[in-house]
Amino acid sequence: MIPIGERINGMFTDVKKAIAAKDPAAIHQLSEDQTKAGAKYLDINVGTAASDQVDAMKWLVNTIQEKCDTPLALDSQKLDVVKAGLEEVKGHCMINSCQADPEKLDIYLPLCKEYNAALVALCMDKDGVSQDTAKRLENAMTIVEKASEYGVPSDHLYIDPIILPINVDQRQPQMIFEAVSQIRMMADPAPHITVGLSNISQSTRERHLINRTMLVMLAAHGCDSAIVDVLDNDLMDAWITADLLMDKMIYSDSYLKAALA
Ligand code: THG
């Protein structure tokens with residue numbers, strides 16, 4: 001499992017305030033806490049906190065790197081914001097994200113090669129989020145083919161089928177499970193699959209339970225990464241246990257601790 005910590009996102013009030021005031025304390029704390037909780041990448045998204053998103057992205061990258069060397073996932077739909085982050089990053093990172101349009105992939109895939117970065121590519125194109133399984137698979141195939149054309153290894157490719165809130169369209173999860181199973185078969189070795197897990201429970205009451213159950217079901221279908229609240233211990237324990245039940249780790253009575261060691 002490859003957990004990506006979701007918390008450094010301007011969508012959250014504490015982070016929004018920290019970015020606006022350029023106050024490093026909360027950002028340092030969230031970097032350290034998420035790393036301790038098992039995050040393999042830290043997603044960073046400046047959100048709407050700053051008028052100058054390029055400047056805010058640079059500040060976030062440098063602020064985190066002062067104290068923490070966990071790889072970053074530069075989360076922005078804007079190419080100039082991603083590029084600004086790439087220029088500041090030391091070591092390996094992830095670009096989050098690129099849409100499945102060939103002309104977009106022709107820009108982002110060479111960028112990944114140049115920086116040895118991983119790429120999250122979305123099952124959405126200029127026409128919007130794929131609403132059914134077939135369209136998701138078509139977009140995923142475009143991504144897999146383009147990545148192979150540019151020689152970006154499957155280990156650096158994360159395909160995101162895109163999760164919509166359960167209260168928006170209840171038929172989506174089943175289509176996502178189906179898409180995940182099939183995308184894993186599109187290349188050998190398989191591309192990673194990642195999702196923005198917390199999308200599923202937005203504006204619902206049972207957020208933690210819905211997130212946790214969705215994550216276990218995704219894992220059962222072959223999803224091996226997710227942008228999640230790594231500080232939610234029950235969520236992480238459920239994910240580790242799903243990996244155990246799928247024989248991806250060896251059982252011992254202290255398997256939960258062992259997984260995060
Ligand atoms: N795919 C990819 N990247 C993504 C997403 C995705 N990045 C952003 C997002 N989606 C994943 N991250 C989050 C982070 C927080 C929430 C949801 C997804 C969230 N936030 C609270 C809310 O909206 O209710 C914030 C409220 C608060 O202030 O506490 O749910 O899909 N590739």
# chains A, B, ... in the order shown; residues from 1 in each chain; ligands from 1
>>> residues_around(residues="region 113-120 of chain A", least_positions_apart="4", cutoff="7 Å", atoms="only C-alpha atoms", output="PyMOL selection string")
chain A and resi 92-98+109+152+156-160
>>> residues_near_ligand(ligand="ligand 1", cutoff="9 Å", atoms="only C-alpha atoms and all ligand atoms", output="PyMOL selection string")
chain A and resi 5-15+43-45+75-76+96-98+120-122+158-164+194-204+207+226-229
>>> atom_distance(atom1="CA of Ala50 (chain A)", atom2="CA of Ile27 (chain A)")
15.1 Å
>>> residues_around(residues="region 123-138 of chain A", least_positions_apart="2", cutoff="8 Å", atoms="only C-alpha atoms", output="ChimeraX atom specification")
/A:99-101,121,140-142,159-162,172,175-176,178-179,182-183
>>> select_by_dssp(residues="region 88-218 of chain A", states="helix (DSSP H, G or I)", output="ChimeraX atom specification")
/A:88,102-115,133-150,154-156,172-183,197-201,207-218
>>> select_by_dssp(residues="region 109-201 of chain A", states="strand (DSSP E or B)", output="PyMOL selection string")
chain A and resi 118-122+124-125+128-129+157-160+192-193+196
>>> write_last_selection(atoms="C-alpha atoms", output="compact mmCIF listing (two decimals), in the first residue's frame")
# COMPACT_ATOMS: atom_id res chain seq x y z
CA ALA A 118 5.85 9.82 -10.63
CA LEU A 119 2.62 10.95 -12.31
CA VAL A 120 -1.01 10.72 -11.23
CA ALA A 121 -3.08 10.64 -14.42
CA LEU A 122 -6.84 11.09 -14.15
CA MET A 124 -11.01 12.41 -17.13
CA ASP A 125 -10.45 14.40 -20.29
CA GLY A 128 -15.02 16.04 -17.91
CA VAL A 129 -15.05 13.15 -15.42
CA LEU A 157 2.42 5.75 -13.18
CA TYR A 158 -0.61 6.17 -10.91
CA ILE A 159 -3.99 6.03 -12.62
CA ASP A 160 -6.89 7.72 -10.80
CA HIS A 192 -0.47 1.77 -9.73
CA ILE A 193 -4.00 2.94 -8.99
CA GLY A 196 -8.76 10.81 -3.64
>>> residues_around(residues="Lys36 (chain A)", least_positions_apart="4", cutoff="9 Å", atoms="only C-alpha atoms", output="tab-separated table (two decimals) with C-alpha atoms, in the first residue's frame")
chain	number	residue	atom	x	y	z
A	31	SER	CA	4.45	16.87	7.66
A	32	GLU	CA	5.90	15.13	10.69
A	260	LEU	CA	4.16	0.94	9.71
>>> residues_around(residues="His28 (chain A)", least_positions_apart="3", cutoff="10 Å", atoms="only C-alpha atoms", output="number ranges by chain")
A: 8, 23-25, 31-33, 60, 63-68
>>> residues_around(residues="Leu245 (chain A)", least_positions_apart="5", cutoff="12 Å", atoms="only C-alpha atoms", output="PDB file with all heavy atoms, in the first residue's frame")
ATOM      1  N   VAL A 216     -11.185  -0.424   1.755  1.00  0.00           N
ATOM      2  CA  VAL A 216     -11.008  -1.878   1.806  1.00  0.00           C
ATOM      3  C   VAL A 216     -11.531  -2.516   0.513  1.00  0.00           C
ATOM      4  O   VAL A 216     -10.892  -3.412  -0.055  1.00  0.00           O
ATOM      5  CB  VAL A 216     -11.721  -2.463   3.049  1.00  0.00           C
ATOM      6  CG1 VAL A 216     -11.813  -3.978   2.960  1.00  0.00           C
ATOM      7  CG2 VAL A 216     -10.983  -2.044   4.313  1.00  0.00           C
ATOM      8  N   ALA A 219      -9.106  -1.788  -2.279  1.00  0.00           N
ATOM      9  CA  ALA A 219      -7.909  -2.620  -2.139  1.00  0.00           C
ATOM     10  C   ALA A 219      -8.194  -4.031  -2.661  1.00  0.00           C
ATOM     11  O   ALA A 219      -7.373  -4.628  -3.363  1.00  0.00           O
ATOM     12  CB  ALA A 219      -7.457  -2.649  -0.683  1.00  0.00           C
ATOM     13  N   ALA A 220      -9.379  -4.528  -2.347  1.00  0.00           N
ATOM     14  CA  ALA A 220      -9.746  -5.884  -2.779  1.00  0.00           C
ATOM     15  C   ALA A 220      -9.793  -5.991  -4.309  1.00  0.00           C
ATOM     16  O   ALA A 220      -9.610  -7.067  -4.861  1.00  0.00           O
ATOM     17  CB  ALA A 220     -11.096  -6.274  -2.185  1.00  0.00           C
ATOM     18  N   ALA A 238      -7.384  -0.728   8.916  1.00  0.00           N
ATOM     19  CA  ALA A 238      -8.236  -1.507   8.001  1.00  0.00           C
ATOM     20  C   ALA A 238      -7.492  -1.785   6.700  1.00  0.00           C
ATOM     21  O   ALA A 238      -7.574  -2.886   6.128  1.00  0.00           O
ATOM     22  CB  ALA A 238      -9.534  -0.748   7.728  1.00  0.00           C
ATOM     23  N   TRP A 239      -6.740  -0.798   6.230  1.00  0.00           N
ATOM     24  CA  TRP A 239      -5.999  -0.938   4.965  1.00  0.00           C
ATOM     25  C   TRP A 239      -4.894  -1.994   5.103  1.00  0.00           C
ATOM     26  O   TRP A 239      -4.724  -2.871   4.253  1.00  0.00           O
ATOM     27  CB  TRP A 239      -5.399   0.418   4.576  1.00  0.00           C
ATOM     28  CG  TRP A 239      -4.977   0.555   3.147  1.00  0.00           C
ATOM     29  CD1 TRP A 239      -5.040  -0.398   2.153  1.00  0.00           C
ATOM     30  CD2 TRP A 239      -4.434   1.732   2.526  1.00  0.00           C
ATOM     31  NE1 TRP A 239      -4.562   0.131   0.969  1.00  0.00           N
ATOM     32  CE2 TRP A 239      -4.185   1.424   1.172  1.00  0.00           C
ATOM     33  CE3 TRP A 239      -4.133   3.017   2.995  1.00  0.00           C
ATOM     34  CZ2 TRP A 239      -3.647   2.358   0.276  1.00  0.00           C
ATOM     35  CZ3 TRP A 239      -3.604   3.944   2.103  1.00  0.00           C
ATOM     36  CH2 TRP A 239      -3.362   3.621   0.755  1.00  0.00           C
ATOM     37  N   ILE A 240      -4.167  -1.911   6.221  1.00  0.00           N
ATOM     38  CA  ILE A 240      -3.110  -2.898   6.469  1.00  0.00           C
ATOM     39  C   ILE A 240      -3.721  -4.296   6.544  1.00  0.00           C
ATOM     40  O   ILE A 240      -3.191  -5.267   5.997  1.00  0.00           O
ATOM     41  CB  ILE A 240      -2.363  -2.557   7.784  1.00  0.00           C
ATOM     42  CG1 ILE A 240      -1.641  -1.216   7.664  1.00  0.00           C
ATOM     43  CG2 ILE A 240      -1.378  -3.672   8.144  1.00  0.00           C
ATOM     44  CD1 ILE A 240      -1.229  -0.597   8.991  1.00  0.00           C
ATOM     45  N   ILE A 250       3.238 -10.752   5.676  1.00  0.00           N
ATOM     46  CA  ILE A 250       3.257 -11.971   6.490  1.00  0.00           C
ATOM     47  C   ILE A 250       2.574 -11.721   7.828  1.00  0.00           C
ATOM     48  O   ILE A 250       2.806 -10.689   8.466  1.00  0.00           O
ATOM     49  CB  ILE A 250       4.726 -12.435   6.701  1.00  0.00           C
ATOM     50  CG1 ILE A 250       5.300 -12.886   5.353  1.00  0.00           C
ATOM     51  CG2 ILE A 250       4.808 -13.552   7.735  1.00  0.00           C
ATOM     52  CD1 ILE A 250       6.790 -13.145   5.384  1.00  0.00           C
ATOM     53  N   TYR A 251       1.722 -12.662   8.242  1.00  0.00           N
ATOM     54  CA  TYR A 251       1.028 -12.505   9.522  1.00  0.00           C
ATOM     55  C   TYR A 251       1.959 -12.679  10.710  1.00  0.00           C
ATOM     56  O   TYR A 251       2.749 -13.607  10.758  1.00  0.00           O
ATOM     57  CB  TYR A 251      -0.133 -13.512   9.678  1.00  0.00           C
ATOM     58  CG  TYR A 251      -0.781 -13.319  11.018  1.00  0.00           C
ATOM     59  CD1 TYR A 251      -1.699 -12.284  11.202  1.00  0.00           C
ATOM     60  CD2 TYR A 251      -0.404 -14.078  12.123  1.00  0.00           C
ATOM     61  CE1 TYR A 251      -2.240 -12.020  12.444  1.00  0.00           C
ATOM     62  CE2 TYR A 251      -0.941 -13.824  13.379  1.00  0.00           C
ATOM     63  CZ  TYR A 251      -1.858 -12.794  13.526  1.00  0.00           C
ATOM     64  OH  TYR A 251      -2.375 -12.531  14.760  1.00  0.00           O
ATOM     65  N   TYR A 255       1.287  -7.518  13.379  1.00  0.00           N
ATOM     66  CA  TYR A 255       1.351  -7.109  11.969  1.00  0.00           C
ATOM     67  C   TYR A 255       1.018  -5.641  11.751  1.00  0.00           C
ATOM     68  O   TYR A 255       1.558  -5.005  10.846  1.00  0.00           O
ATOM     69  CB  TYR A 255       0.462  -8.011  11.084  1.00  0.00           C
ATOM     70  CG  TYR A 255      -1.029  -7.729  11.198  1.00  0.00           C
ATOM     71  CD1 TYR A 255      -1.644  -6.831  10.323  1.00  0.00           C
ATOM     72  CD2 TYR A 255      -1.798  -8.332  12.168  1.00  0.00           C
ATOM     73  CE1 TYR A 255      -2.996  -6.560  10.412  1.00  0.00           C
ATOM     74  CE2 TYR A 255      -3.151  -8.066  12.285  1.00  0.00           C
ATOM     75  CZ  TYR A 255      -3.752  -7.180  11.393  1.00  0.00           C
ATOM     76  OH  TYR A 255      -5.074  -6.900  11.508  1.00  0.00           O
TER      77      TYR A 255
END
